[in-house]
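For reference, work_24.txt is printed below; it contains compact mmCIF, C-alpha atoms and all ligand atoms.
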# COMPACT_ATOMS: atom_id res chain seq x y z
CA MET L 21 0.00 0.00 0.00
CA SER L 22 2.29 2.74 -1.19
CA TYR L 23 -0.33 5.45 -1.78
CA PRO L 24 -1.78 7.38 1.16
CA GLN L 25 -5.30 7.15 -0.31
CA THR L 26 -5.10 3.34 -0.10
CA ARG L 27 -3.51 3.36 3.34
CA ALA L 28 -6.25 5.68 4.63
CA VAL L 29 -8.91 3.16 3.60
CA HIS L 30 -7.19 0.05 4.98
CA ALA L 31 -5.07 1.26 7.91
CA GLY L 32 -5.75 -0.18 11.35
CA ARG L 33 -7.81 -3.03 9.91
CA ASP L 34 -5.23 -5.80 9.76
CA ASP L 35 -6.87 -7.87 12.51
CA PHE L 36 -10.26 -7.98 10.74
CA ALA L 37 -9.61 -11.23 8.85
CA GLU L 38 -8.72 -13.03 12.07
CA LEU L 39 -11.73 -11.52 13.85
CA GLY L 40 -14.01 -12.32 10.90
CA VAL L 41 -15.42 -8.78 10.77
CA HIS L 42 -15.64 -6.04 8.15
CA ALA L 43 -16.11 -3.00 10.40
CA PRO L 44 -14.13 -2.20 13.56
CA PRO L 45 -15.75 -3.75 16.66
CA ILE L 46 -16.49 -1.26 19.46
CA ASP L 47 -15.34 -2.57 22.83
CA LEU L 48 -16.96 -0.61 25.65
CA SER L 49 -15.63 -2.72 28.54
CA THR L 50 -14.20 -0.76 31.42
CA THR L 51 -12.64 -3.85 32.97
CA TYR L 52 -11.54 -7.31 31.81
CA PRO L 53 -11.63 -10.66 33.65
CA VAL L 54 -8.28 -11.69 35.13
CA ARG L 55 -8.45 -15.45 35.68
CA ASP L 56 -4.74 -16.04 35.31
CA LEU L 57 -3.34 -13.83 38.04
CA ASP L 58 0.32 -14.10 37.02
CA GLN L 59 -0.52 -13.13 33.48
CA GLY L 60 -2.69 -10.30 34.83
CA THR L 61 0.12 -8.96 37.00
CA ALA L 62 2.57 -9.04 34.09
CA SER L 63 0.03 -7.28 31.84
CA PHE L 64 -0.69 -4.64 34.45
CA ASP L 65 3.01 -3.89 34.90
CA ALA L 66 3.57 -3.72 31.14
CA LEU L 67 0.65 -1.38 30.44
CA VAL L 68 1.31 0.96 33.35
CA GLY L 69 4.90 1.08 32.10
CA GLY L 70 3.74 2.30 28.70
CA ALA L 71 3.54 -0.89 26.62
CA ALA L 72 1.36 -0.69 23.48
CA GLU L 73 -0.50 -3.89 24.41
CA ALA L 74 -0.44 -6.84 26.76
CA ALA L 75 -1.96 -10.33 27.03
CA ASN L 76 -4.77 -8.92 29.21
CA PRO L 77 -6.04 -5.32 28.79
CA ILE L 78 -6.86 -5.24 32.55
CA TYR L 79 -8.68 -1.88 32.65
CA ALA L 80 -9.81 0.54 29.95
CA ARG L 81 -7.62 3.40 31.21
CA LEU L 82 -4.65 1.16 30.32
CA PHE L 83 -5.79 -0.25 26.97
CA ASN L 84 -8.75 -0.33 24.63
CA PRO L 85 -8.68 -2.26 21.34
CA THR L 86 -10.97 0.17 19.46
CA VAL L 87 -8.75 3.11 20.41
CA ALA L 88 -5.62 1.09 19.57
CA ARG L 89 -6.91 0.39 16.05
CA PHE L 90 -7.40 4.08 15.38
CA GLU L 91 -3.92 4.76 16.76
CA ARG L 92 -2.33 2.16 14.47
CA ALA L 93 -4.16 3.66 11.49
CA LEU L 94 -3.03 7.20 12.27
CA ALA L 95 0.57 6.07 12.83
CA GLU L 96 0.49 4.41 9.44
CA LEU L 97 -0.73 7.62 7.79
CA GLU L 98 1.94 9.72 9.51
CA GLY L 99 4.72 7.21 8.83
CA THR L 100 5.54 6.68 12.51
CA SER L 101 5.79 3.44 14.46
CA ASP L 102 3.26 4.56 17.09
CA ALA L 103 0.48 6.97 17.91
CA VAL L 104 -1.26 7.72 21.20
CA ALA L 105 -4.81 9.08 21.33
CA PHE L 106 -6.31 11.38 23.96
CA ALA L 107 -9.60 12.90 25.05
CA SER L 108 -8.85 16.15 23.19
CA GLY L 109 -6.09 17.97 21.39
CA MET L 110 -5.35 19.84 24.61
CA ALA L 111 -5.10 16.57 26.57
CA ALA L 112 -2.60 15.38 23.95
CA THR L 113 -0.52 18.56 24.26
CA THR L 114 -0.66 18.33 28.06
CA ALA L 115 0.68 14.77 27.91
CA CYS L 116 3.52 15.88 25.57
CA LEU L 117 4.49 18.66 27.96
CA LEU L 118 4.36 16.39 31.01
CA ALA L 119 6.43 13.76 29.20
CA ALA L 120 8.93 16.43 28.09
CA ARG L 121 9.39 17.77 31.63
CA GLN L 122 11.95 15.12 32.45
CA ARG L 123 14.11 16.33 29.56
CA GLY L 124 14.59 19.96 30.46
CA SER L 125 13.55 23.14 32.19
CA HIS L 126 11.53 25.08 29.59
CA VAL L 127 9.78 24.98 26.24
CA LEU L 128 10.79 27.05 23.24
CA ALA L 129 7.72 27.93 21.16
CA VAL L 130 6.97 29.94 18.05
CA ARG L 131 3.94 32.26 17.93
CA PRO L 132 1.27 32.39 16.68
CA LEU L 133 -0.01 29.12 18.10
CA TYR L 134 -3.49 27.79 18.59
CA GLY L 135 -4.98 30.16 21.20
CA THR L 136 -5.36 27.60 24.00
CA HIS L 137 -1.81 26.31 23.40
CA ASP L 138 -0.63 29.87 23.89
CA HIS L 139 -2.73 30.10 27.04
CA LEU L 140 -1.56 26.75 28.46
CA LEU L 141 2.11 27.58 27.88
CA GLU L 142 1.77 31.12 29.28
CA SER L 143 -0.13 29.88 32.35
CA GLY L 144 2.81 27.82 33.59
CA LEU L 145 0.20 25.35 34.88
CA LEU L 146 2.33 22.35 33.99
CA GLY L 147 5.50 23.68 35.58
CA LEU L 148 7.31 24.11 32.28
CA PRO L 149 7.89 27.82 31.51
CA VAL L 150 7.77 29.00 27.90
CA ARG L 151 10.24 31.15 26.00
CA TRP L 152 8.77 32.64 22.84
CA THR L 153 10.88 32.91 19.73
CA GLU L 154 10.74 33.25 15.96
CA ALA L 155 11.18 30.20 13.75
CA ASP L 156 14.46 31.47 12.27
CA ALA L 157 15.91 32.28 15.72
CA ILE L 158 15.57 28.76 17.17
CA GLY L 159 19.24 27.99 16.52
CA ASP L 160 20.24 30.99 18.70
CA GLU L 161 17.64 30.38 21.41
CA ILE L 162 18.06 26.65 21.89
CA ARG L 163 19.75 25.58 25.18
CA ALA L 164 21.01 22.23 26.39
CA ASP L 165 18.16 22.22 28.91
CA THR L 166 15.39 23.09 26.43
CA ALA L 167 12.82 20.32 26.91
CA LEU L 168 10.89 20.73 23.68
CA VAL L 169 10.48 23.00 20.67
CA ILE L 170 6.85 23.63 19.67
CA ILE L 171 5.74 24.91 16.29
CA GLU L 172 2.49 24.96 14.39
CA THR L 173 2.42 24.90 10.59
CA PRO L 174 0.30 26.09 8.91
CA SER L 175 -0.20 28.52 11.76
CA ASN L 176 -3.49 29.63 13.19
CA PRO L 177 -5.02 31.93 12.00
CA THR L 178 -2.60 33.64 9.62
CA LEU L 179 -1.51 30.45 7.83
CA ASP L 180 2.20 31.24 7.90
CA LEU L 181 4.27 28.19 7.06
CA ILE L 182 7.35 27.11 8.99
CA ASP L 183 10.18 25.07 7.48
CA ILE L 184 10.00 21.94 9.64
CA ALA L 185 13.30 20.45 8.45
CA ALA L 186 15.10 23.74 9.20
CA VAL L 187 13.60 23.86 12.71
CA VAL L 188 14.60 20.24 13.36
CA ALA L 189 18.17 21.01 12.22
CA ALA L 190 18.32 24.14 14.42
CA ALA L 191 16.94 22.24 17.43
CA GLY L 192 19.73 19.64 17.24
CA GLU L 193 19.27 17.17 20.10
CA VAL L 194 16.12 18.87 21.38
CA PRO L 195 12.90 17.18 20.22
CA VAL L 196 10.48 19.12 18.03
CA MET L 197 6.71 18.92 18.30
CA VAL L 198 4.73 19.99 15.23
CA ASP L 199 1.05 20.79 15.54
CA SER L 200 -0.02 19.51 12.13
CA THR L 201 -3.77 19.87 12.70
CA PHE L 202 -4.28 22.28 9.78
CA ALA L 203 -2.32 20.11 7.34
CA THR L 204 -3.51 16.58 8.19
CA PRO L 205 -1.34 13.62 7.13
CA VAL L 206 -2.80 14.07 3.64
CA LEU L 207 -0.86 17.29 3.04
CA GLN L 208 2.28 16.86 5.19
CA GLN L 209 4.08 14.25 7.30
CA PRO L 210 6.32 16.11 9.78
CA ALA L 211 7.91 12.90 11.09
CA SER L 212 9.49 12.34 7.67
CA LEU L 213 11.22 15.72 8.19
CA GLY L 214 12.55 14.74 11.60
CA ALA L 215 9.85 15.97 13.99
CA GLN L 216 9.65 13.66 17.03
CA LEU L 217 6.05 14.52 17.97
CA VAL L 218 3.27 15.13 15.45
CA LEU L 219 0.18 16.49 17.14
CA HIS L 220 -3.37 16.59 15.83
CA SER L 221 -6.49 17.99 17.29
CA ALA L 222 -8.43 15.03 15.86
CA THR L 223 -11.55 17.08 16.60
CA LYS L 224 -10.86 18.85 13.33
CA PHE L 225 -10.08 17.16 9.98
CA LEU L 226 -9.46 13.62 11.27
CA GLY L 227 -12.96 13.50 12.74
CA GLY L 228 -14.20 15.72 9.95
CA HIS L 229 -17.88 15.72 10.86
CA GLY L 230 -17.99 17.95 13.92
CA ASP L 231 -19.03 15.19 16.33
CA VAL L 232 -15.86 14.04 18.15
CA ILE L 233 -13.45 15.82 20.47
CA ALA L 234 -10.10 14.04 20.41
CA GLY L 235 -6.36 14.44 20.11
CA VAL L 236 -3.59 12.19 18.88
CA VAL L 237 0.20 12.24 18.82
CA ALA L 238 2.18 10.29 16.21
CA CYS L 239 5.71 9.46 17.39
CA ASP L 240 8.32 6.75 17.89
CA GLY L 241 8.02 3.88 20.37
CA GLU L 242 9.99 5.60 23.13
CA TRP L 243 7.85 8.74 23.14
CA ALA L 244 4.71 6.63 22.81
CA SER L 245 5.64 4.69 25.90
CA ALA L 246 6.16 7.93 27.85
CA LEU L 247 2.84 9.32 26.58
CA ARG L 248 0.94 6.14 27.48
CA GLN L 249 2.40 6.30 30.99
CA VAL L 250 1.15 9.88 31.33
CA ARG L 251 -2.24 8.91 29.90
CA ALA L 252 -2.60 5.96 32.26
CA ALA L 253 -1.68 8.16 35.22
CA THR L 254 -3.70 11.26 34.34
CA GLY L 255 -6.65 9.67 32.54
CA GLY L 256 -7.05 11.92 29.47
CA LEU L 257 -8.56 9.00 27.57
CA LEU L 258 -10.22 8.89 24.19
CA HIS L 259 -13.56 7.10 24.52
CA PRO L 260 -13.91 4.04 22.23
CA LEU L 261 -17.00 5.50 20.53
CA GLY L 262 -14.93 8.55 19.61
CA ALA L 263 -12.12 6.32 18.38
CA TYR L 264 -14.61 4.37 16.28
CA LEU L 265 -15.89 7.56 14.64
CA LEU L 266 -12.34 8.77 13.97
CA HIS L 267 -11.36 5.43 12.43
CA ARG L 268 -14.55 5.47 10.36
CA GLY L 269 -13.67 8.92 9.04
CA LEU L 270 -10.10 8.13 7.96
CA PRO L 271 -10.95 6.39 4.65
CA THR L 272 -12.53 9.63 3.36
CA LEU L 273 -9.90 11.95 4.85
CA ALA L 274 -7.97 12.41 1.61
CA LEU L 275 -11.17 12.95 -0.40
CA ARG L 276 -12.44 15.52 2.09
CA VAL L 277 -9.17 17.41 2.32
CA GLU L 278 -8.57 17.43 -1.44
CA ARG L 279 -12.08 18.70 -2.18
CA ALA L 280 -11.97 21.34 0.56
CA GLN L 281 -8.56 22.45 -0.72
CA GLU L 282 -9.91 22.90 -4.26
CA ASN L 283 -12.75 24.99 -2.87
CA ALA L 284 -10.38 27.00 -0.67
CA THR L 285 -8.04 27.77 -3.57
CA GLU L 286 -10.92 29.14 -5.63
CA LEU L 287 -12.50 31.09 -2.75
CA ALA L 288 -9.13 32.63 -1.84
CA ARG L 289 -8.67 33.79 -5.42
CA ARG L 290 -12.14 35.35 -5.59
CA LEU L 291 -11.90 36.92 -2.14
CA GLY L 292 -8.65 38.53 -3.22
CA ALA L 293 -10.54 40.40 -5.93
CA HIS L 294 -13.49 41.39 -3.71
CA GLY L 295 -13.90 45.08 -2.90
CA ALA L 296 -14.81 44.45 0.76
CA VAL L 297 -11.62 42.49 1.37
CA ARG L 298 -8.29 44.16 2.20
CA LYS L 299 -6.03 41.12 2.29
CA VAL L 300 -6.34 37.36 1.89
CA PHE L 301 -3.98 35.00 3.73
CA TYR L 302 -3.52 31.83 1.69
CA PRO L 303 -0.33 30.01 0.67
CA SER L 304 -1.05 29.71 -3.07
CA LEU L 305 -1.56 33.50 -3.25
CA GLY L 306 1.93 34.01 -1.86
CA THR L 307 0.53 36.19 0.95
CA VAL L 308 1.81 34.16 3.92
CA ARG L 309 5.29 33.64 5.29
CA ASN L 310 7.20 30.83 3.50
CA ALA L 311 4.38 30.38 0.98
CA HIS L 312 6.83 28.45 -1.21
CA LEU L 313 6.61 25.49 1.19
CA ALA L 314 3.10 24.78 -0.14
CA GLY L 315 4.05 22.39 -2.92
CA THR L 316 7.15 21.03 -1.20
CA GLN L 317 6.81 20.47 2.56
CA MET L 318 3.04 20.58 2.13
CA SER L 319 1.62 18.97 -0.98
CA GLY L 320 -0.87 21.84 -1.41
CA PRO L 321 -2.04 25.16 0.06
CA GLY L 322 -4.60 23.61 2.42
CA THR L 323 -8.23 24.14 3.28
CA MET L 324 -8.09 27.20 5.56
CA VAL L 325 -8.39 30.78 4.27
CA SER L 326 -8.13 33.90 6.41
CA PHE L 327 -9.02 37.37 5.18
CA GLU L 328 -9.07 40.87 6.50
CA LEU L 329 -12.09 43.05 5.85
CA GLU L 330 -11.85 46.72 4.86
CA GLY L 331 -14.58 47.49 7.39
CA GLY L 332 -12.74 46.08 10.44
CA HIS L 333 -14.58 44.64 13.43
CA ALA L 334 -18.01 45.97 12.43
CA ALA L 335 -17.75 44.36 8.99
CA ALA L 336 -16.64 41.06 10.54
CA ALA L 337 -19.60 41.11 12.95
CA ALA L 338 -21.98 41.85 10.06
CA LEU L 339 -20.51 39.00 8.01
CA MET L 340 -21.13 36.55 10.89
CA ARG L 341 -24.78 37.64 11.05
CA ARG L 342 -25.36 37.33 7.31
CA VAL L 343 -23.77 34.05 6.24
CA ARG L 344 -26.34 31.32 5.60
CA ILE L 345 -24.43 28.26 4.31
CA ALA L 346 -21.26 28.80 6.31
CA THR L 347 -21.84 28.43 10.05
CA PRO L 348 -20.40 31.17 12.24
CA ALA L 349 -18.60 28.97 14.76
CA VAL L 350 -15.15 28.19 16.13
CA SER L 351 -13.47 24.88 15.28
CA LEU L 352 -12.52 23.76 11.79
CA GLY L 353 -11.92 20.81 9.52
CA SER L 354 -15.52 19.72 9.17
CA VAL L 355 -17.28 18.72 5.96
CA ASP L 356 -19.30 21.94 6.29
CA THR L 357 -17.85 25.43 6.06
CA LEU L 358 -17.20 27.29 9.32
CA ILE L 359 -16.33 30.95 9.71
CA GLN L 360 -15.07 32.72 12.83
CA HIS L 361 -13.46 35.88 14.17
CA PRO L 362 -10.03 35.12 15.76
CA ALA L 363 -9.63 38.44 17.64
CA GLY L 364 -13.06 38.03 19.25
CA LEU L 365 -12.98 34.29 19.91
CA THR L 366 -10.11 31.84 19.37
CA HIS L 367 -7.26 34.31 19.94
CA ARG L 368 -8.97 36.35 22.64
CA VAL L 369 -6.43 35.07 25.20
CA LEU L 370 -3.60 36.99 23.52
CA ASP L 371 -3.21 40.62 24.56
CA GLU L 372 -4.08 43.16 21.90
CA ARG L 373 -0.50 44.10 21.06
CA THR L 374 0.55 40.47 20.53
CA ARG L 375 -2.54 39.93 18.37
CA GLU L 376 -1.78 42.96 16.19
CA HIS L 377 1.88 41.95 15.92
CA HIS L 378 0.83 38.60 14.47
CA GLY L 379 -1.71 40.06 12.06
CA ILE L 380 -4.76 39.09 14.13
CA THR L 381 -6.53 42.38 13.48
CA PRO L 382 -10.15 43.31 14.35
CA GLY L 383 -11.13 42.80 10.69
CA LEU L 384 -9.60 39.35 10.34
CA VAL L 385 -11.93 36.44 9.63
CA ARG L 386 -10.96 32.76 9.40
CA LEU L 387 -12.73 30.42 7.04
CA SER L 388 -12.56 26.62 7.37
CA VAL L 389 -13.69 25.61 3.91
CA GLY L 390 -15.94 22.58 3.61
CA ILE L 391 -16.76 20.20 0.77
CA GLU L 392 -19.94 21.96 -0.45
CA ALA L 393 -20.20 23.11 -4.08
CA VAL L 394 -17.87 26.07 -4.44
CA GLU L 395 -20.45 28.19 -6.30
CA ASP L 396 -22.87 27.93 -3.36
CA LEU L 397 -20.11 28.91 -0.95
CA TRP L 398 -19.12 31.86 -3.09
CA ALA L 399 -22.71 33.04 -3.53
CA ASP L 400 -23.13 32.90 0.26
CA LEU L 401 -19.94 34.82 1.03
CA ASP L 402 -20.57 37.34 -1.73
CA GLN L 403 -24.09 38.20 -0.54
CA ALA L 404 -22.88 38.43 3.06
CA LEU L 405 -19.97 40.71 2.11
CA ARG L 406 -22.06 42.87 -0.17
CA ALA L 407 -24.91 43.62 2.22
C1 LIG L 501 -8.44 22.76 18.06
C2 LIG L 501 -6.97 22.80 18.04
C3 LIG L 501 -6.21 22.36 19.12
C4 LIG L 501 -6.85 21.87 20.42
O1 LIG L 501 -7.61 20.73 20.20
P1 LIG L 501 -8.94 20.34 21.04
O2 LIG L 501 -9.34 19.06 20.40
O3 LIG L 501 -9.91 21.46 20.85
O4 LIG L 501 -8.54 20.20 22.46
C5 LIG L 501 -4.83 22.38 19.01
N1 LIG L 501 -4.23 22.84 17.90
C6 LIG L 501 -4.93 23.30 16.84
C7 LIG L 501 -4.20 23.81 15.65
C8 LIG L 501 -6.31 23.29 16.87
O5 LIG L 501 -6.99 23.75 15.82
Represent the structure of the file as structure tokens.
Ligand SMILES: *Cc1c(COP(=O)(O)O)cnc(C)c1O
Amino acid sequence: MSYPQTRAVHAGRDDFAELGVHAPPIDLSTTYPVRDLDQGTASFDALVGGAAEAANPIYARLFNPTVARFERALAELEGTSDAVAFASGMAATTACLLAARQRGSHVLAVRPLYGTHDHLLESGLLGLPVRWTEADAIGDEIRADTALVIIETPSNPTLDLIDIAAVVAAAGEVPVMVDSTFATPVLQQPASLGAQLVLHSATKFLGGHGDVIAGVVACDGEWASALRQVRAATGGLLHPLGAYLLHRGLPTLALRVERAQENATELARRLGAHGAVRKVFYPSLGTVRNAHLAGTQMSGPGTMVSFELEGGHAAAAALMRRVRIATPAVSLGSVDTLIQHPAGLTHRVLDERTREHHGITPGLVRLSVGIEAVEDLWADLDQALRA
């Protein structure tokens, strides 16, 4: 299975023949009978110690086969040996930070990040202070006791791209975590560029239908073991029904992303020529930092478009009231189009100066383009912008 489209359809299904099933079974057990106590003790020790599986699952906080199937599928799509799933993207990030704590004294991170990532790092809640830097200054800022480098590409909401391979080279021995939520494994595979941790808010494109909150980290076996230990101890579990829905969505991931990307490319082009729009942020228009990486690091420009309105905050508020097909809502990556106002919602936690510095102006609107017919989406946006 050399093509990602084929892998997406078949990944995580290799035990089906043996089980005699055609769809993934959902195992809702919270506990499992332990009739052979010695085997149970050995399994317990293995799972608490971070093993991927054991002869007996023991307890659902330690192992669940439905979740494990989704994890194997995602690892296969990202080209890593392992993946570990969590209750949300934030639970996944929390586990990465807790696992990284043993490696150093602080995190080096590049803004802008997903708003709650920014908030979590700034809060110091997890005992790992953050130092903010620019992507091209990582080589100067890295210290022997830096625990982790965190980047997000494409970035939220301005869609700047960061050269992952260059960051990995600059970080040297320090592991790099890439939040690849906006790209999905369809458009980029950060592990192939040397990133140790590939994070997804699976709530977004992986789920794709707006009905699951989840997170997942693709990584090597050593990191996976550390993350499973944190998950077993802190309990940020993905429920098996959520894992089932995520696994069910993976076969259409490439179709969804490719169609949304086609729509986004066309909408970005038309928005760029619209009188109510001051600036469009989209890689194929060349209006974001490192736009040239769309086509190399990323196989295409992606499905997210941000644009700044001439009329500022008032125009953005009016647009939210007037759209009919697009839903004014936070989140992204669903089959339906979502539109939101970063300064008023997702990036509210940043102070105004930091927002402005990163282009998150009062007139900025972020569009998560869905798979609807592009002419309907355009007609909707056009009438809402015109009014
Ligand atoms: C949504 C999101 C997160 C957080 O994920 P949750 O599933 O909401 O906890 C992290 N990073 C990015 C880029 C996101 O869009």
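Between CA of Glu328 in chain L and CA of Val297 in chain L there is a distance of 6.0 Å.
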Exercise. For the point (-19.7, 36.2, 16.3) in file coordinates, what residues are within 8 Å, counting all atoms listed in the file? Give the answer as number ranges by chain?
Worked result: L: 337, 340-341, 348-349, 360-361, 364-365
Could you save the residues just selected, with C-alpha atoms, as a tab-separated table (two decimals), in the coordinates of the input?
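That gives us again-v7.tsv:
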chain	number	residue	atom	x	y	z
L	337	ALA	CA	-19.60	41.11	12.95
L	340	MET	CA	-21.13	36.55	10.89
L	341	ARG	CA	-24.78	37.64	11.05
L	348	PRO	CA	-20.40	31.17	12.24
L	349	ALA	CA	-18.60	28.97	14.76
L	360	GLN	CA	-15.07	32.72	12.83
L	361	HIS	CA	-13.46	35.88	14.17
L	364	GLY	CA	-13.06	38.03	19.25
L	365	LEU	CA	-12.98	34.29	19.91
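Shortest separation to His30 in chain L among L:Leu387, L:Val355, L:Leu270, L:Ala296 occurs at residue L:Leu270, atoms counted being only C-alpha atoms.
Residues in contact with ligand LIG 501 (chain L) (atom pairs separated by at most 8 Å; only C-alpha atoms and all ligand atoms) are L:Ala107, L:Ser108, L:Gly109, L:Met110, L:Ala111, L:Ala112, L:Thr113, L:Leu133, L:Tyr134, L:Thr136, L:His137, L:Glu172, L:Ser175, L:Asn176, L:Asp199, L:Ser200, L:Thr201, L:Phe202, L:Leu219, L:His220, L:Ser221, L:Ala222, L:Thr223, L:Lys224, L:Ile233, L:Ala234, L:Gly235, L:Ser351, L:Leu352.
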Residues within 9 Å of Ile184 in chain L, please, as a PDB file with C-alpha atoms, keeping the file's coordinate frame. Count only C-alpha atoms; anything in the same chain fewer than 3 positions from it doesn't count.
ATOM      1  CA  ILE L 171       5.740  24.910  16.290  1.00  0.00           C
ATOM      2  CA  THR L 173       2.420  24.900  10.590  1.00  0.00           C
ATOM      3  CA  LEU L 181       4.270  28.190   7.060  1.00  0.00           C
ATOM      4  CA  VAL L 187      13.600  23.860  12.710  1.00  0.00           C
ATOM      5  CA  VAL L 188      14.600  20.240  13.360  1.00  0.00           C
ATOM      6  CA  ALA L 189      18.170  21.010  12.220  1.00  0.00           C
ATOM      7  CA  VAL L 196      10.480  19.120  18.030  1.00  0.00           C
ATOM      8  CA  VAL L 198       4.730  19.990  15.230  1.00  0.00           C
ATOM      9  CA  PRO L 210       6.320  16.110   9.780  1.00  0.00           C
ATOM     10  CA  LEU L 213      11.220  15.720   8.190  1.00  0.00           C
ATOM     11  CA  GLY L 214      12.550  14.740  11.600  1.00  0.00           C
ATOM     12  CA  ALA L 215       9.850  15.970  13.990  1.00  0.00           C
ATOM     13  CA  GLN L 317       6.810  20.470   2.560  1.00  0.00           C
TER      14      GLN L 317
END
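Using all atoms listed in the file for every distance, the candidate list L:Leu275, L:Ala293, L:Ala253, L:Ala62 yields L:Ala253 as the residue closest to Ala115 in chain L.
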Problem set entry | Residue neighbourhood Val87 in chain L, 9 Å, all atoms listed in the file, exclusion window fewer than 5 positions, as a VMD selection string | chain L and resid 46 92 104 to 105 258 to 264 267
Exercise. Which residue, L:Ala274, L:Ala167, L:Ala252, L:Ala37, has the smallest gap to Ala66 in chain L when you use only C-alpha atoms?
Worked result: L:Ala252
